[in-house]
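Colleague: my_file-v3.txt is reproduced below (compact mmCIF, C-alpha atoms).
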# COMPACT_ATOMS: atom_id res chain seq x y z
CA MET A 250 13.75 32.37 88.11
CA VAL A 251 14.23 31.63 84.41
CA VAL A 252 16.08 34.29 82.42
CA LEU A 253 15.27 34.34 78.70
CA ARG A 254 17.77 35.60 76.15
CA ALA A 255 17.64 35.72 72.36
CA GLN A 256 20.03 33.38 70.63
CA GLY A 257 22.34 34.64 67.89
CA LEU A 258 22.12 38.32 68.80
CA ALA A 259 25.12 39.70 70.63
CA LYS A 260 24.73 42.81 72.74
CA GLY A 261 24.61 45.83 70.44
CA ALA A 262 24.11 43.69 67.32
CA VAL A 263 22.68 45.47 64.29
CA LEU A 264 19.43 44.13 62.83
CA ASN A 265 19.76 42.83 59.28
CA PHE A 266 17.40 44.63 56.90
CA ALA A 267 19.18 43.42 53.74
CA ARG A 268 16.66 40.72 52.87
CA THR A 269 15.74 39.40 49.43
CA PRO A 270 12.27 37.98 48.69
CA SER A 271 13.71 34.45 48.99
CA ASP A 272 15.32 35.38 52.34
CA ILE A 273 11.96 36.61 53.58
CA ARG A 274 10.17 33.45 52.49
CA ALA A 275 12.85 31.26 54.12
CA THR A 276 12.60 33.20 57.39
CA VAL A 277 8.82 32.79 57.44
CA SER A 278 9.15 29.06 56.83
CA THR A 279 11.62 28.73 59.71
CA ILE A 280 9.45 30.71 62.12
CA LEU A 281 6.32 28.72 61.31
CA SER A 282 7.95 25.30 61.49
CA ARG A 283 9.85 26.05 64.69
CA GLY A 284 6.80 27.63 66.30
CA ARG A 285 4.57 24.65 65.60
CA GLU A 286 7.27 22.27 66.81
CA ILE A 287 7.49 24.07 70.16
CA GLN A 288 3.71 24.35 70.55
CA ASN A 289 3.26 20.65 69.83
CA ALA A 290 5.86 19.77 72.48
CA VAL A 291 4.15 22.03 75.04
CA ALA A 292 0.74 20.50 74.28
CA LYS A 293 2.08 16.97 74.89
CA GLN A 294 3.37 17.70 78.39
CA THR A 295 1.66 15.39 80.88
CA LYS A 296 2.90 17.43 83.86
CA PRO A 297 3.19 21.03 82.64
CA THR A 298 5.58 23.32 84.52
CA PHE A 299 6.93 26.79 83.94
CA ALA A 300 10.17 25.28 82.56
CA ASN A 301 8.60 22.86 80.06
CA ALA A 302 5.48 24.83 79.02
CA VAL A 303 5.61 28.57 79.59
CA ALA A 304 9.34 29.22 79.15
CA PRO A 305 9.63 27.51 75.71
CA LEU A 306 6.73 29.58 74.35
CA ALA A 307 8.21 32.82 75.68
CA LYS A 308 11.70 31.92 74.47
CA PHE A 309 10.39 31.22 70.96
CA GLU A 310 8.79 34.67 70.84
CA ASN A 311 12.01 36.21 72.12
CA ASP A 312 14.26 34.34 69.66
CA TYR A 313 12.25 35.10 66.53
CA GLY A 314 10.59 38.42 67.37
CA ALA A 315 13.33 40.55 65.79
CA ASP A 316 13.36 38.62 62.50
CA SER A 317 9.57 38.76 62.33
CA SER A 318 9.58 42.53 62.85
CA VAL A 319 12.27 43.13 60.24
CA ILE A 320 10.72 41.11 57.43
CA THR A 321 7.25 42.62 57.95
CA PHE A 322 8.62 46.17 58.30
CA LEU A 323 10.20 46.07 54.84
CA GLN A 324 6.81 46.46 53.12
CA ASN A 325 6.74 50.04 54.43
CA VAL A 326 10.26 51.13 53.47
CA SER A 327 11.76 49.03 50.67
CA THR A 328 12.20 50.69 47.28
CA GLU A 329 11.76 47.32 45.51
CA LYS A 330 8.21 46.17 44.86
CA SER A 331 9.19 42.48 44.95
CA ILE A 332 10.51 42.92 48.50
CA ARG A 333 7.46 44.94 49.57
CA ASP A 334 5.17 42.23 48.19
CA ALA A 335 7.15 39.44 49.87
CA SER A 336 7.09 41.38 53.14
CA SER A 337 3.34 41.92 52.91
CA ASP A 338 2.81 38.21 52.20
CA ALA A 339 5.04 37.39 55.19
CA GLU A 340 2.94 39.58 57.45
CA GLN A 341 -0.21 37.80 56.31
CA GLN A 342 1.31 34.36 56.96
CA LEU A 343 2.74 35.35 60.34
CA SER A 344 -0.50 37.02 61.37
CA ALA A 345 -2.46 33.89 60.45
CA PHE A 346 0.05 31.81 62.44
CA ARG A 347 -0.35 34.05 65.50
CA ILE A 348 -4.10 33.60 65.31
CA GLU A 349 -3.70 29.84 64.87
CA SER A 350 -1.33 29.76 67.86
CA MET A 351 -3.68 31.66 70.16
CA MET A 352 -6.57 29.34 69.24
CA ARG A 353 -4.77 26.13 70.29
CA LYS A 354 -6.73 24.82 73.24
CA ASP A 355 -4.22 22.01 73.87
CA VAL A 356 -1.44 24.56 74.40
CA TYR A 357 -3.75 26.71 76.54
CA GLN A 358 -4.53 23.75 78.77
CA SER A 359 -0.83 23.30 79.53
CA VAL A 360 -0.43 26.99 80.36
CA ARG A 361 -3.57 26.92 82.47
CA ALA A 362 -2.30 23.87 84.34
CA VAL A 363 0.80 25.86 85.36
CA LEU A 364 -1.35 28.76 86.57
CA ASP A 365 -3.58 26.41 88.60
CA ASN A 366 -0.58 24.70 90.22
CA LYS A 367 -0.19 26.72 93.44
CA THR A 368 3.06 25.01 94.42
CA GLU A 369 4.60 25.78 91.03
CA MET A 370 3.40 29.40 91.07
CA GLU A 371 4.63 30.05 94.60
CA ALA A 372 8.11 28.81 93.64
CA LEU A 373 8.37 31.34 90.80
CA GLY A 374 9.74 34.86 91.06
CA PRO A 375 7.37 37.83 90.53
CA GLU A 376 8.36 38.34 86.88
CA ASP A 377 7.80 34.69 85.97
CA ARG A 378 4.47 34.62 87.82
CA ARG A 379 3.41 37.69 85.90
CA LEU A 380 4.42 36.00 82.63
CA VAL A 381 2.24 32.98 83.39
CA GLU A 382 -0.73 35.16 84.34
CA LYS A 383 -0.50 37.36 81.24
CA MET A 384 0.03 34.39 78.92
CA GLU A 385 -3.07 32.63 80.31
CA GLU A 386 -5.08 35.86 80.06
CA GLN A 387 -4.02 36.30 76.44
CA TYR A 388 -5.22 32.82 75.52
CA ARG A 389 -8.50 33.32 77.37
CA ARG A 390 -9.16 36.66 75.66
CA ASN A 391 -8.67 34.87 72.37
CA GLY A 392 -11.66 32.64 73.06
CA LEU A 393 -10.19 29.48 74.53
CA ALA A 394 -13.03 29.40 77.09
CA LEU A 395 -15.69 29.44 74.35
CA THR A 396 -17.54 26.49 72.83
CA THR A 397 -15.99 24.80 69.83
CA ASP A 398 -18.37 26.51 67.37
CA GLN A 399 -17.84 29.93 68.95
CA ARG A 400 -14.09 29.45 68.98
CA GLN A 401 -14.11 28.45 65.33
CA ARG A 402 -16.12 31.55 64.40
CA LEU A 403 -13.81 33.79 66.43
CA GLY A 404 -10.82 32.32 64.59
CA GLN A 405 -12.46 33.05 61.24
CA ILE A 406 -13.10 36.64 62.32
CA ARG A 407 -9.50 37.15 63.47
CA VAL A 408 -8.12 35.80 60.19
CA ARG A 409 -10.42 38.04 58.16
CA LEU A 410 -9.55 41.09 60.27
CA SER A 411 -5.88 40.39 59.65
CA GLU A 412 -6.49 40.16 55.90
CA LEU A 413 -8.47 43.41 55.91
CA GLY A 414 -5.76 45.24 57.85
CA ILE A 415 -3.03 44.09 55.47
CA LYS A 416 -5.09 45.04 52.40
CA PHE A 417 -5.83 48.45 53.94
CA SER A 418 -2.14 49.12 54.60
CA ARG A 419 -1.10 47.84 51.16
CA ASN A 420 -3.61 50.14 49.46
CA THR A 421 -2.36 53.11 51.47
CA ASN A 422 1.31 52.34 50.79
CA GLU A 423 0.95 51.62 47.08
CA ASN A 424 -1.60 54.26 46.03
CA ASP A 425 -0.18 57.72 46.51
CA GLY A 426 -2.09 60.69 45.17
CA ARG A 427 -0.44 62.86 42.50
CA ILE A 428 -1.07 66.46 41.43
CA LEU A 429 0.68 69.05 39.25
CA PHE A 430 1.51 72.64 40.25
CA THR A 431 3.32 75.54 38.59
CA ARG A 432 6.26 77.16 40.34
CA GLN A 433 4.04 80.17 41.05
CA GLU A 434 1.39 77.98 42.69
CA LEU A 435 4.13 76.62 44.96
CA ASP A 436 5.33 80.08 46.01
CA GLY A 437 6.75 79.92 49.53
CA LEU A 438 8.55 76.60 49.12
CA PRO A 439 12.37 76.72 49.47
CA ASP A 440 14.57 76.19 46.41
CA ASP A 441 15.74 72.75 47.57
CA TYR A 442 12.14 71.49 47.42
CA PHE A 443 12.44 71.62 43.63
CA ASP A 444 15.87 69.99 43.38
CA GLY A 445 15.43 66.80 41.36
CA ARG A 446 11.65 67.08 41.47
CA PRO A 447 10.01 65.47 38.40
CA THR A 448 7.89 67.57 36.06
CA ASP A 449 5.07 66.87 33.65
CA VAL A 450 3.24 68.86 31.01
CA GLU A 451 -0.40 69.82 31.54
CA GLY A 452 -2.26 72.04 29.09
CA GLY A 453 0.99 72.89 27.37
CA VAL A 454 2.54 74.11 30.64
CA GLU A 455 5.38 72.34 32.42
CA LYS A 456 4.49 71.75 36.07
CA TYR A 457 6.03 70.11 39.10
CA VAL A 458 4.79 66.73 40.30
CA VAL A 459 3.71 66.69 43.95
CA THR A 460 2.57 63.45 45.59
CA THR A 461 0.81 62.74 48.86
CA LYS A 462 3.93 61.12 50.32
CA TYR A 463 5.02 62.78 53.57
CA PRO A 464 8.16 64.52 52.17
CA ASP A 465 6.06 66.11 49.40
CA LEU A 466 2.89 66.81 51.33
CA VAL A 467 4.03 68.41 54.58
CA PRO A 468 6.25 71.19 53.15
CA VAL A 469 3.45 72.30 50.83
CA MET A 470 0.87 72.34 53.62
CA GLN A 471 3.27 74.28 55.86
CA MET A 472 4.76 76.79 53.41
CA ALA A 473 2.68 77.20 50.22
CA LYS A 474 1.23 80.71 50.32
CA ASN A 475 -1.53 79.95 47.82
CA GLU A 476 -4.58 78.67 49.72
CA GLN A 477 -5.97 76.93 46.63
CA THR A 478 -2.71 74.98 46.28
CA ARG A 479 -2.99 73.73 49.85
CA LYS A 480 -6.69 72.95 49.39
CA ARG A 481 -6.19 70.99 46.16
CA LEU A 482 -3.39 68.88 47.66
CA ALA A 483 -5.42 68.25 50.84
CA VAL A 484 -8.40 67.05 48.79
CA VAL A 485 -6.21 64.68 46.75
CA SER A 486 -4.58 63.32 49.90
CA GLU A 487 -7.80 62.78 51.81
CA SER A 488 -9.78 61.24 48.94
CA ARG A 489 -7.28 58.58 47.90
CA CYS A 490 -7.86 54.85 48.42
CA PRO A 491 -11.69 54.88 48.29
CA GLU A 492 -11.51 51.09 48.18
CA ASN A 493 -10.50 51.20 51.85
CA ILE A 494 -13.97 52.38 52.88
CA THR A 495 -15.59 48.97 52.39
CA LEU A 496 -12.65 47.29 54.13
CA LEU A 497 -13.06 49.55 57.16
CA GLU A 498 -16.83 49.05 57.28
CA GLU A 499 -16.40 45.27 57.28
CA ALA A 500 -13.66 45.46 59.94
CA VAL A 501 -15.85 47.53 62.28
CA LYS A 502 -18.68 44.98 62.07
CA LEU A 503 -16.32 42.05 62.64
CA ARG A 504 -14.70 43.72 65.65
CA VAL A 505 -18.10 44.16 67.29
CA GLU A 506 -19.04 40.53 66.56
CA ALA A 507 -15.75 39.27 68.02
CA ALA A 508 -16.13 41.39 71.16
CA GLN A 509 -19.68 40.18 71.74
CA LEU A 510 -18.63 36.55 71.30
CA LEU A 511 -16.19 37.13 74.17
CA GLY A 512 -18.86 38.71 76.37
CA TYR A 513 -18.18 42.40 75.80
CA ARG A 514 -20.68 44.96 74.47
CA THR A 515 -18.19 46.69 72.17
CA HIS A 516 -14.68 46.39 70.76
CA ALA A 517 -13.70 49.36 72.93
CA GLU A 518 -14.70 47.47 76.08
CA PHE A 519 -12.59 44.50 74.99
CA VAL A 520 -9.49 46.59 74.23
CA LEU A 521 -9.65 48.90 77.24
CA GLU A 522 -10.00 46.09 79.78
CA GLN A 523 -6.21 45.69 79.77
CA ASN A 524 -5.44 49.42 79.75
CA MET A 525 -5.24 51.87 82.62
CA ALA A 526 -8.61 53.45 81.80
CA LYS A 527 -10.39 50.04 81.89
CA THR A 528 -13.71 51.27 80.45
CA PRO A 529 -14.97 53.43 77.52
CA GLU A 530 -16.81 55.60 80.06
CA ALA A 531 -13.55 56.43 81.83
CA VAL A 532 -11.93 57.39 78.52
CA MET A 533 -14.82 59.66 77.54
CA ASP A 534 -14.83 61.32 80.98
CA PHE A 535 -11.08 61.92 80.69
CA GLU A 536 -11.38 63.38 77.17
CA HIS A 537 -14.29 65.65 78.13
CA ASP A 538 -12.38 66.89 81.18
CA LEU A 539 -9.27 67.48 79.08
CA ARG A 540 -11.29 69.32 76.42
CA THR A 541 -12.81 71.62 79.05
CA LYS A 542 -9.43 72.43 80.59
CA LEU A 543 -7.72 73.06 77.24
CA SER A 544 -10.52 74.95 75.49
CA VAL A 545 -9.40 78.34 76.82
CA LEU A 546 -5.88 77.91 75.39
CA ALA A 547 -7.21 76.35 72.20
CA ASP A 548 -9.63 79.22 71.59
CA LYS A 549 -6.79 81.68 72.10
CA GLU A 550 -4.51 79.89 69.61
CA ILE A 551 -7.30 79.56 67.02
CA LYS A 552 -8.07 83.27 67.35
CA GLU A 553 -4.38 84.02 66.78
CA ILE A 554 -4.37 81.91 63.60
CA GLU A 555 -7.63 83.45 62.42
CA THR A 556 -6.13 86.92 62.81
CA LEU A 557 -3.20 85.97 60.59
CA LYS A 558 -5.42 84.53 57.87
CA ALA A 559 -7.81 87.48 58.02
CA ALA A 560 -4.85 89.83 57.51
CA ASP A 561 -3.71 87.81 54.48
CA CYS A 562 -7.23 87.89 53.01
CA GLN A 563 -7.44 91.64 53.50
CA ALA A 564 -4.06 92.14 51.84
CA GLU A 565 -5.23 90.09 48.85
CA GLY A 566 -8.56 91.91 48.66
CA LYS A 567 -10.74 88.86 49.32
CA PRO A 568 -13.22 88.10 52.12
CA PHE A 569 -12.24 86.04 55.15
CA THR A 570 -14.45 82.92 55.12
CA GLY A 571 -12.94 81.06 58.06
CA LEU A 572 -10.26 78.50 58.84
CA PHE A 573 -10.13 75.13 57.10
CA ASN A 574 -8.12 71.97 57.63
CA TRP A 575 -5.64 72.98 54.89
CA ASP A 576 -4.91 76.22 56.78
CA PHE A 577 -3.74 74.93 60.14
CA ARG A 578 -0.26 73.71 59.24
CA PHE A 579 0.45 76.84 57.20
CA TYR A 580 -0.63 79.35 59.84
CA SER A 581 0.71 77.33 62.76
CA ASN A 582 4.05 77.42 60.97
CA LYS A 583 3.75 81.21 60.59
CA VAL A 584 3.07 81.58 64.30
CA LYS A 585 6.10 79.43 65.06
CA GLU A 586 8.33 81.53 62.79
CA HIS A 587 7.04 85.00 63.66
CA LYS A 588 6.21 84.62 67.34
CA HIS A 589 8.69 82.00 68.49
CA LYS A 590 11.44 82.71 65.92
CA VAL A 591 11.74 79.05 64.89
CA ASN A 592 12.55 78.38 61.23
CA ASP A 593 12.43 74.72 60.19
CA ASP A 594 14.30 75.39 56.96
CA GLU A 595 17.22 76.92 58.85
CA ILE A 596 17.22 74.11 61.42
CA LYS A 597 17.54 71.38 58.80
In structure tokens, how does this file's structure come out?

Modeller:
Amino acid sequence: MVVLRAQGLAKGAVLNFARTPSDIRATVSTILSRGREIQNAVAKQTKPTFANAVAPLAKFENDYGADSSVITFLQNVSTEKSIRDASSDAEQQLSAFRIESMMRKDVYQSVRAVLDNKTEMEALGPEDRRLVEKMEEQYRRNGLALTTDQRQRLGQIRVRLSELGIKFSRNTNENDGRILFTRQELDGLPDDYFDGRPTDVEGGVEKYVVTTKYPDLVPVMQMAKNEQTRKRLAVVSESRCPENITLLEEAVKLRVEAAQLLGYRTHAEFVLEQNMAKTPEAVMDFEHDLRTKLSVLADKEIKEIETLKAADCQAEGKPFTGLFNWDFRFYSNKVKEHKHKVNDDEIK
């Protein structure tokens, strides 16, 4: 049995997130060149075995997986735009390389030769046999059994889907909503929410800036007593990035086309084949059964929340018109504090 270990990472080693744009670009270059070098060597094997075909591919993924994750993760957390941009570009290049890698029929043929070699497979331990089987399955699900024209089209679809996903994420990360509120409109928020919070002037009145970033959004939705404040912030949050609509529409169509090229009716069928549920029908049956079993408890909890809001409306002298999506966090938080005696502000 072959045991694979990452090189250069001692047990308990800390991942290095201190990367400059040039560091990121250099890491991408190394990963791509080394990956192609290994794939070319595997493809040239005249007598493929686990040791000279499957193990090198798995070891490459193991050796460079951490670096790949780090440099693509930085686009979500770095405070420097140049690093976020370099990280996003790295993800696009690495994603394209993964697609290119999974479309290499010459490499697939070497992996398939190992799977078809009964003597070789019988000599392997259960973990290594499983690795061969899953690696071959992954190549096959990426279209290596298709005709040349079909395989080329599938590759084009995968590249475009990767581009759409990266653009979608970049739009979401870089385009936060922004809205201004007075201190009175934010009644219910703790004093530390306003510490260091920027202000701006609107209509001659100084107001606090609230964005749709998680640390700004969630406290307001949980604690702002003014329903209109919660509603306005919810509308800003849920209507941002309208440019993502066309990206999503295109991605949905491409996913269906890719699935049908591979012999599936829908993208859901393709994805679920490898999961425990196996089919969309099994998932829907499970969800319907779960909904039926939980509806009694859900109805009880919704009634409890409705009672709290109705009492607030009566106290304010206005009619109760129902629960809305901007109400649930606020009244769920009230239930948690009043019924279960849990105060998030005290906990933190």

Colleague: What is the atom CA of Thr298 of chain A to atom CA of Met384 of chain A distance in Å?

Modeller: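 Atom-to-atom, atom CA of Thr298 of chain A to atom CA of Met384 of chain A, that is 13.6 Å.
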
Colleague: Write out as a PyMOL selection string the residues lying within 12 Å of Asn391 of chain A, counting only C-alpha atoms and excluding same-chain residues fewer than 4 positions away.

Modeller: chain A and resi 347-354+357+384-387+395+399-407+507-508+510-512+519-520

Colleague: Which residue out of A:Pro305, A:Pro491, A:Pro297, A:Pro529 has the minimum interatomic distance to Asp425 of chain A when all atoms listed in the file are used?

Modeller: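 Among the listed residues, the smallest separation from Asp425 of chain A belongs to A:Pro491.
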
Colleague: With all atoms listed in the file as the atoms that count, which of A:Phe299, A:Glu423, A:Leu543, A:Val326 lies nearest to Ala362 of chain A?

Modeller: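 So, comparing all the options, the nearest one is A:Phe299.
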
Colleague: Mind giving me the straight-line distance from atom CA of Ile280 of chain A to atom CA of Thr396 of chain A in Å, one decimal?

Modeller: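 Here the two named atoms are 29.3 Å from each other.
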
Colleague: Applying 8 Å and only C-alpha atoms, which residues near segment 581-596 of chain A remain after dropping the ones on its own chain fewer than 6 positions away? List them as a list in words.

Modeller: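 The residues that qualify are Pro439, Gln471, Met472 and Ile554 of chain A.
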
Colleague: Include C-alpha atoms and write out the residues we just selected as an mmCIF file, in the coordinates of the input.

Modeller:
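Produced file out17.cif, reproduced below:
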data_model
loop_
_atom_site.group_PDB
_atom_site.id
_atom_site.type_symbol
_atom_site.label_atom_id
_atom_site.label_comp_id
_atom_site.auth_asym_id
_atom_site.auth_seq_id
_atom_site.Cartn_x
_atom_site.Cartn_y
_atom_site.Cartn_z
ATOM 1 C CA PRO A 439 12.370 76.720 49.470
ATOM 2 C CA GLN A 471 3.270 74.280 55.860
ATOM 3 C CA MET A 472 4.760 76.790 53.410
ATOM 4 C CA ILE A 554 -4.370 81.910 63.600
#

Colleague: Compare A:Thr431, A:Ser344, A:Thr295, A:Thr279 by their minimum atom-to-atom distance to Gly453 of chain A, counting all atoms listed in the file, and give me the closest one.

Modeller: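 Closest to Gly453 of chain A of all the choices is A:Thr431.
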
Colleague: Give me, as a count of residues only, all polymer residues having an atom no more than 9 Å from segment 330-334 of chain A, counting only C-alpha atoms and skipping those fewer than 3 positions away in the same chain.

Modeller: 15

Colleague: Which residue, A:Ala290, A:Leu410, A:Lys416, A:Pro375, has the smallest gap to Val505 of chain A when you use all atoms listed in the file?

Modeller: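 Of A:Ala290, A:Leu410, A:Lys416, A:Pro375, the one nearest Val505 of chain A, counting all atoms listed in the file, is A:Leu410.
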